[in-house]
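Each remark here refers to the structure printed beneath this line.
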Amino acid sequence: MTNDQRLTTSDEKFYPFDTIEPKWQKFWRENRLFNVDTKNPKDKYYCLMMFPYPSAALHVGHGRNYIIGDVVVRYKKMRGYNVLTPMGFDAFGLPAENAAIKGGIHPKVSTLNNISTMKRQLNQWGVEYDWEREVISCLPEYYKWTQWIFLKLYEKNLAYKKKAFVNWCPSCKTVLANEQVINGACERCDSEVSQKDLEQWFFRITHYAERLLKDLGKLTEWPERVKTMQSNWIGRSTGVEIDFKIDGSPKILKCFTTRIDTIYGATFICLAPEHPMVSSLIAGAPNKIEAERAIQKMRGESKIERAQADITKEGVFTGSYVFNPVNGNKMPVWVANYILMEYGTGAIMAVPAHDTRDFEFAKQYKLPIEVVIDDPKNSFDPVTMKEAYTSEGVMVNSDKFNGIPSEQAIEKIADYFEENKFGKRAIQYKLRDWLISRQRYWGAPIPMIYCLKCGTVPVPEKDLPVLLPENVEFRPTGESPLKLSKDFVNTKCPKCGGPATRETDTMDTFVDSSWYYLRYITPHLKDKPFDTKTVNDWLPVDQYIGGIEHAILHLLYSRFITKFFSDIGIVGFDEPFKNLFTQGMIIKDGAKMSKSKGNVVSPDKLIESYGADTVRLYTLFIGPPEKDAEWSDRGAEGAYRFLGRVWRLIEKVCSSQFSTLNSQLTKEEEALKRKTHQTIKKVTEDLDEGFHFNTAISAIMELVNAAYDLVGSGTGGLLGSPVLRDAAERIVLLLSPFVPHIAEEMWRSLGHNESILKASWPVYDKSAILEQVVTIPIQVNGKLRSRIEVSSDIKEDDLKALVLSDAKVRPHLAGKTVKDVIIIPKRLANIVLR
RNA sequence: GGGCGAGUGGUGGAAUGGCAUACACGACAGACUUAAAAUCUGUUGGCCGCAAGGCCUUGAGGGUUCAACUCCCUCCUCGCCCACCA
């Protein structure tokens, strides 16, 4: 029997969660406790969870995101914030279309069905939203504005069409953005991605590369990890672009390098096989036929082959030479498979002595190696060198730059290049423009028209939305299914009225999700995507919560769109998300939950057996929320047991008679009061300083245990003490963000008439947490030997004396000299012996 | 190859220079019960010891410190991200 099969066998429930949960869910909704009037932004707090793609059903892994968000929302509400918490669906996308091809159900039908299932699940979890603001990206009232954004980008020359080698997924039969290619494979289906020369629409995100990078500095409340990933993805590097004169040609060959200090060691040039100058450079080569064949072969290598660092380097000499501007040396020009056309200028100066790849290539093709940087400890001989020396060092064989440290030479030689017009300083980014065309049906149509007379014409704003036709064949052909719809394709040119055709590609769904957080603010506007003033009142988002898998894609695109909106003056901020929290995955049997692996834990059954509060509590208690965590049904059972314990405690308290005021608290009452206030402090700090739900919950567990200790079994103990009643009320309040249904029910049982959401978060009393007596551990040379109880305001000298005379300590001091006694007030004493 | 993160009981984890193993799961024992479940009460890092107590223990090794899971150095293992990026 595995540890998950044995669930509670008792039919008896610890408490009637099956009646109280639906009851309070209905109550919260009917009383509109989570609905917000955006006209009143006083004390606003915008808490946003990444909206989901509507797949068949949610599992407990998805739940973590929404539960975390719901805790934040409820906590902030109790702290008096006006909390906006909207939800919607990222409803365009491939899975629905693939399902339609397989099962024949229209994507719109299956998507809307899935949405209603997911809404039911979200409701059952007790995660509440302002559903009046729901946005669904596949509906015309939403994608009209996605298309509008395209037009605005086009207007500003930030959307453009070009023919390019693009990533093509043969299984999804569509192109992919660079961000969607993982190790040369499709991020969705893992098929090997090939290259295709296609005419496609791009967004000029590179125009924003510098700002996207620089402004990461403003995002002080984002995880470092996400910022590092974005910064690596943008990949800024500074260097020099060198103009090489070609022997026997008036043309110039440009190369980018970050290591201009090694220019004297450059012995040849390498071009990417796709470099536009390749054909003219090989024109006069003696081995022209052979070279052309080799270059064709290199071009045919797939991205996945090319991406492997251990692939054998291949190259071929073009027959042409260029001159090294610093010394006039003639350098042969090669074509090599390790040069990428997409980066830099698609051509490099090769410095075999100081670059690992160039070294390998030079050895293979017996090209000269010239050392120009010496390691202060070693001197290199190009003949015996086993590998390239890529670190810094001292310049040698570099004419007037000899003897200076190489890192200084970078600046000096760059100046020298600019003075002599050999080239200029340049900045390169790894970030590429965002390819947004998709040859698929289930997406927002790109609002462009092609007229034989007028060329490419944008759809006028008044004609939006360009509606996605519903009667369409879904068979994937490698071209957009929209091409098959004559009614869609054939149209009139908005300029000349003549016959014209529509663009049939749809937009990447990441365009839909790059602006949805703005639509929530004024979701029903008919004449614009959002109202600028209201959006400025409510954004940036105060807390964004979602999965780490969006660290680059969605978060980078959203930042780009926001900066664009800021530039055209329709928003008054240039970063959309102030705080970002990325939660870890829930793992089952060592793997991420997925239908294909068959390790999905459905919340439905768990909620049926234990209730939503149990699922919530366990999900929050499982571990630090930013880390991955292994799901165990047994753990969930423990959470259920705890809620049963709390329920019975409150029952006991409710059925007791309470004396009004005790003149003098007993020792036990003092202890419970202190523990209560310490717990308020701990839980509040855990919620304020981060998302430390697991430790907050364990603190409440400790308080419940302490209360039980004092209640005793049966009727004795503290029952009837106002201190106990006070503790009970605080327990319910502290628990309420985590387990809202049971908390609401117990709150009413304790005699309150208003929702616990309207109650204030408890505040701890500073004087109540002070201990009059503290236990001081005593160490001798750092080893624990004894403990003593002392008054917390004891004087240091008195404590020293007590420590040295302690019965358990004295034997350890025998025959030794006390060198020092270290006292850390209220914490610890350490006797240092010689 | 580069970057980031992690490594603590049988398990999830707590402690960010000051009592290592909080809280929970599991296990064991007891109470209740005809019995079981549930509940309640204990015990539960390892070794030695009847006990008092002692010794060891946070991936390995070294260092700083009165004091190190925590800081520094070297190494090992795992995870994630990036990767022929010039």
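Ligands are numbered from 1 in the order shown, residues from 1 within each chain, and chains are lettered A, B, ... in the order they appear in the structure tokens.
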| as a PyMOL selection string, which residues of range 602-650 of chain A does DSSP assign to helix (DSSP H, G or I)? | chain A and resi 603-610+612-621+633-650
| field | Contact set, chain A to chain B: 7 Å, only C-alpha atoms (C1' of nucleotides), as an NGL selection string | value | :A and (10 or 225 or 229 or 256-257 or 309 or 338 or 343 or 348 or 357 or 430 or 622-623 or 634-635 or 698 or 777 or 781-782 or 822 or 827-828 or 830 or 832)
| message | Could you list, as a ChimeraX atom specification, every residue within 8 Å of Val457 in chain A, counting only C-alpha atoms (C1' of nucleotides) and ignoring same-chain residues fewer than 4 positions away? | response | /A:448-451,493-495
| Looking only at the backbone, which of the residues in range 379-569 of chain A does DSSP tag as strand (DSSP E), as a ChimeraX atom specification? | /A:394-395,423-428,434-435,437-438,448-451,455-458,490-492,499-502,506-507,543-547
Take the residues from that selection and write them out as a tab-separated table (two decimals), in the first residue's frame, keeping N, CA and C atoms.
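Output (selection.tsv):
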```tsv
chain	number	residue	atom	x	y	z
A	394	VAL	N	48.92	40.40	-20.16
A	394	VAL	CA	49.71	41.54	-20.61
A	394	VAL	C	49.89	41.45	-22.13
A	395	MET	N	49.77	42.62	-22.79
A	395	MET	CA	49.83	42.65	-24.24
A	395	MET	C	51.25	42.36	-24.74
A	423	GLY	N	36.90	51.55	-37.54
A	423	GLY	CA	35.68	50.95	-37.03
A	423	GLY	C	35.17	51.82	-35.90
A	424	LYS	N	34.13	51.35	-35.19
A	424	LYS	CA	33.62	52.14	-34.08
A	424	LYS	C	33.10	51.24	-32.96
A	425	ARG	N	33.00	51.87	-31.80
A	425	ARG	CA	32.44	51.12	-30.67
A	425	ARG	C	31.00	50.74	-30.99
A	426	ALA	N	30.55	49.57	-30.53
A	426	ALA	CA	29.19	49.13	-30.82
A	426	ALA	C	28.65	48.29	-29.66
A	427	ILE	N	27.34	48.25	-29.58
A	427	ILE	CA	26.67	47.44	-28.57
A	427	ILE	C	25.86	46.38	-29.28
A	428	GLN	N	25.95	45.17	-28.82
A	428	GLN	CA	25.18	44.08	-29.42
A	428	GLN	C	24.24	43.48	-28.39
A	434	TRP	N	10.57	40.23	-32.03
A	434	TRP	CA	9.56	39.24	-31.62
A	434	TRP	C	8.72	38.84	-32.83
A	435	LEU	N	8.88	37.61	-33.24
A	435	LEU	CA	8.12	37.09	-34.37
A	435	LEU	C	6.72	36.72	-33.90
A	437	SER	N	3.80	36.26	-36.09
A	437	SER	CA	2.90	35.56	-37.02
A	437	SER	C	2.77	34.09	-36.65
A	438	ARG	N	1.56	33.57	-36.74
A	438	ARG	CA	1.37	32.14	-36.54
A	438	ARG	C	0.46	31.62	-37.64
A	448	MET	N	-4.36	43.24	-41.26
A	448	MET	CA	-3.70	43.87	-42.39
A	448	MET	C	-4.33	43.38	-43.69
A	449	ILE	N	-4.27	44.25	-44.69
A	449	ILE	CA	-4.88	43.94	-45.98
A	449	ILE	C	-3.84	44.18	-47.07
A	450	TYR	N	-3.82	43.28	-48.06
A	450	TYR	CA	-2.89	43.44	-49.18
A	450	TYR	C	-3.67	43.79	-50.44
A	451	CYS	N	-3.34	44.96	-51.01
A	451	CYS	CA	-4.03	45.44	-52.19
A	451	CYS	C	-3.00	45.47	-53.33
A	455	GLY	N	-0.66	48.14	-52.05
A	455	GLY	CA	0.30	47.41	-51.23
A	455	GLY	C	-0.29	47.00	-49.89
A	456	THR	N	0.56	47.03	-48.85
A	456	THR	CA	0.12	46.63	-47.51
A	456	THR	C	-0.63	47.77	-46.84
A	457	VAL	N	-1.88	47.51	-46.48
A	457	VAL	CA	-2.71	48.57	-45.91
A	457	VAL	C	-3.28	48.09	-44.57
A	458	PRO	N	-3.10	48.86	-43.52
A	458	PRO	CA	-3.69	48.45	-42.25
A	458	PRO	C	-5.21	48.56	-42.26
A	490	ASN	N	-11.05	37.37	-49.06
A	490	ASN	CA	-11.36	38.38	-50.06
A	490	ASN	C	-12.06	39.58	-49.44
A	491	THR	N	-11.49	40.73	-49.68
A	491	THR	CA	-12.06	41.94	-49.08
A	491	THR	C	-11.78	43.11	-50.02
A	492	LYS	N	-12.15	44.28	-49.54
A	492	LYS	CA	-11.90	45.47	-50.35
A	492	LYS	C	-10.78	46.26	-49.71
A	499	PRO	N	-10.30	45.31	-55.18
A	499	PRO	CA	-10.22	43.98	-54.58
A	499	PRO	C	-8.89	43.81	-53.84
A	500	ALA	N	-8.95	43.14	-52.71
A	500	ALA	CA	-7.76	42.97	-51.88
A	500	ALA	C	-7.92	41.70	-51.07
A	501	THR	N	-6.82	41.26	-50.49
A	501	THR	CA	-6.89	40.06	-49.64
A	501	THR	C	-6.40	40.39	-48.24
A	502	ARG	N	-6.91	39.59	-47.31
A	502	ARG	CA	-6.51	39.81	-45.92
A	502	ARG	C	-5.28	38.99	-45.56
A	506	THR	N	-2.41	34.53	-37.81
A	506	THR	CA	-2.94	35.07	-36.56
A	506	THR	C	-1.76	35.46	-35.67
A	507	MET	N	-2.07	36.11	-34.57
A	507	MET	CA	-1.00	36.59	-33.69
A	507	MET	C	-0.65	35.55	-32.62
A	543	GLN	N	0.89	43.39	-6.69
A	543	GLN	CA	1.46	42.06	-6.49
A	543	GLN	C	1.05	41.18	-7.65
A	544	TYR	N	2.04	40.66	-8.35
A	544	TYR	CA	1.78	39.73	-9.45
A	544	TYR	C	2.27	38.37	-9.01
A	545	ILE	N	1.48	37.34	-9.27
A	545	ILE	CA	1.82	36.01	-8.81
A	545	ILE	C	1.67	35.03	-9.97
A	546	GLY	N	2.71	34.22	-10.19
A	546	GLY	CA	2.61	33.25	-11.27
A	546	GLY	C	3.81	32.33	-11.30
A	547	GLY	N	3.88	31.52	-12.32
A	547	GLY	CA	4.90	30.48	-12.42
A	547	GLY	C	6.20	31.01	-12.99
```
Would you list the contacts of range 813-819 of chain A as a compact mmCIF listing (two decimals) with C-alpha atoms, in the first residue's frame, taking every protein, DNA or RNA residue within 8 Å and counting only C-alpha atoms (C1' of nucleotides), but skipping same-chain residues closer than 4 positions in sequence?
```txt
# COMPACT_ATOMS: atom_id res chain seq x y z
CA VAL A 809 28.66 24.27 34.98
CA ILE A 831 32.10 30.85 29.40
CA VAL A 832 35.44 30.95 27.61
CA LEU A 833 38.18 28.89 29.26
CA ARG A 834 41.83 29.26 28.58
```
Contact residues around Lys102 in chain A with only C-alpha atoms (C1' of nucleotides) at 12 Å, ignoring same-chain residues under 6 positions, as a PDB file with all heavy atoms, in the first residue's frame:
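Output contents, as saved in part-v4.pdb:
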```pdb
ATOM      1  N   PRO A  95      -3.603  24.092 -28.133  1.00  0.00           N
ATOM      2  CA  PRO A  95      -4.228  22.843 -27.691  1.00  0.00           C
ATOM      3  C   PRO A  95      -5.691  22.722 -28.111  1.00  0.00           C
ATOM      4  O   PRO A  95      -6.118  21.650 -28.541  1.00  0.00           O
ATOM      5  CB  PRO A  95      -4.089  22.898 -26.171  1.00  0.00           C
ATOM      6  CG  PRO A  95      -2.901  23.743 -25.942  1.00  0.00           C
ATOM      7  CD  PRO A  95      -2.914  24.765 -27.028  1.00  0.00           C
ATOM      8  N   ALA A  96      -6.435  23.807 -28.028  1.00  0.00           N
ATOM      9  CA  ALA A  96      -7.849  23.736 -28.401  1.00  0.00           C
ATOM     10  C   ALA A  96      -7.987  23.444 -29.888  1.00  0.00           C
ATOM     11  O   ALA A  96      -8.879  22.697 -30.310  1.00  0.00           O
ATOM     12  CB  ALA A  96      -8.545  25.050 -28.065  1.00  0.00           C
ATOM     13  N   PHE A 474     -10.041  22.743 -40.064  1.00  0.00           N
ATOM     14  CA  PHE A 474      -8.890  22.871 -39.173  1.00  0.00           C
ATOM     15  C   PHE A 474      -7.659  22.105 -39.615  1.00  0.00           C
ATOM     16  O   PHE A 474      -6.644  22.155 -38.979  1.00  0.00           O
ATOM     17  CB  PHE A 474      -9.263  22.416 -37.761  1.00  0.00           C
ATOM     18  CG  PHE A 474     -10.319  23.279 -37.170  1.00  0.00           C
ATOM     19  CD1 PHE A 474     -11.552  22.759 -36.837  1.00  0.00           C
ATOM     20  CD2 PHE A 474     -10.072  24.615 -36.986  1.00  0.00           C
ATOM     21  CE1 PHE A 474     -12.517  23.577 -36.307  1.00  0.00           C
ATOM     22  CE2 PHE A 474     -11.046  25.430 -36.454  1.00  0.00           C
ATOM     23  CZ  PHE A 474     -12.277  24.912 -36.110  1.00  0.00           C
ATOM     24  N   ARG A 475      -7.802  21.342 -40.697  1.00  0.00           N
ATOM     25  CA  ARG A 475      -6.657  20.518 -41.090  1.00  0.00           C
ATOM     26  C   ARG A 475      -5.393  21.373 -41.181  1.00  0.00           C
ATOM     27  O   ARG A 475      -5.370  22.401 -41.864  1.00  0.00           O
ATOM     28  CB  ARG A 475      -6.923  19.855 -42.429  1.00  0.00           C
ATOM     29  CG  ARG A 475      -7.516  18.467 -42.296  1.00  0.00           C
ATOM     30  CD  ARG A 475      -7.824  17.889 -43.655  1.00  0.00           C
ATOM     31  NE  ARG A 475      -8.790  18.716 -44.376  1.00  0.00           N
ATOM     32  CZ  ARG A 475      -8.508  19.362 -45.494  1.00  0.00           C
ATOM     33  NH1 ARG A 475      -7.315  19.281 -46.015  1.00  0.00           N
ATOM     34  NH2 ARG A 475      -9.417  20.090 -46.110  1.00  0.00           N
ATOM     35  N   PRO A 476      -4.340  20.950 -40.500  1.00  0.00           N
ATOM     36  CA  PRO A 476      -3.113  21.749 -40.586  1.00  0.00           C
ATOM     37  C   PRO A 476      -2.426  21.487 -41.919  1.00  0.00           C
ATOM     38  O   PRO A 476      -2.284  20.350 -42.342  1.00  0.00           O
ATOM     39  CB  PRO A 476      -2.260  21.219 -39.440  1.00  0.00           C
ATOM     40  CG  PRO A 476      -2.786  19.862 -39.144  1.00  0.00           C
ATOM     41  CD  PRO A 476      -4.192  19.764 -39.651  1.00  0.00           C
TER      42      PRO A 476
END
```
| said: To one decimal place in Å, what is the distance between CA of Asp43 in chain A and CA of Thr220 in chain A? | reply: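 According to the coordinates, CA of Asp43 in chain A and CA of Thr220 in chain A are separated by 21.5 Å.
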| request: Would you mind listing what lies within 9 Å of range 560-563 of chain A as number ranges by chain, with only C-alpha atoms (C1' of nucleotides) counted and same-chain residues fewer than 2 positions away left out? | output: A: 149, 205, 208-209, 211-212, 511, 514-515, 555-558, 565-568, 571, 573-576
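The coordinates place CA of Asp433 in chain A at 18.7 Å from CA of Asp215 in chain A.
One distance worth recording is that between CA of Asp589 in chain A and CA of Glu630 in chain A, which is 7.5 Å.
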| field | Spatial neighbours of Leu482 in chain A, max dist 12 Å, only C-alpha atoms (C1' of nucleotides), sep filter under 3 positions, as number ranges by chain | value | A: 438-446, 467-479, 485-490, 501-506
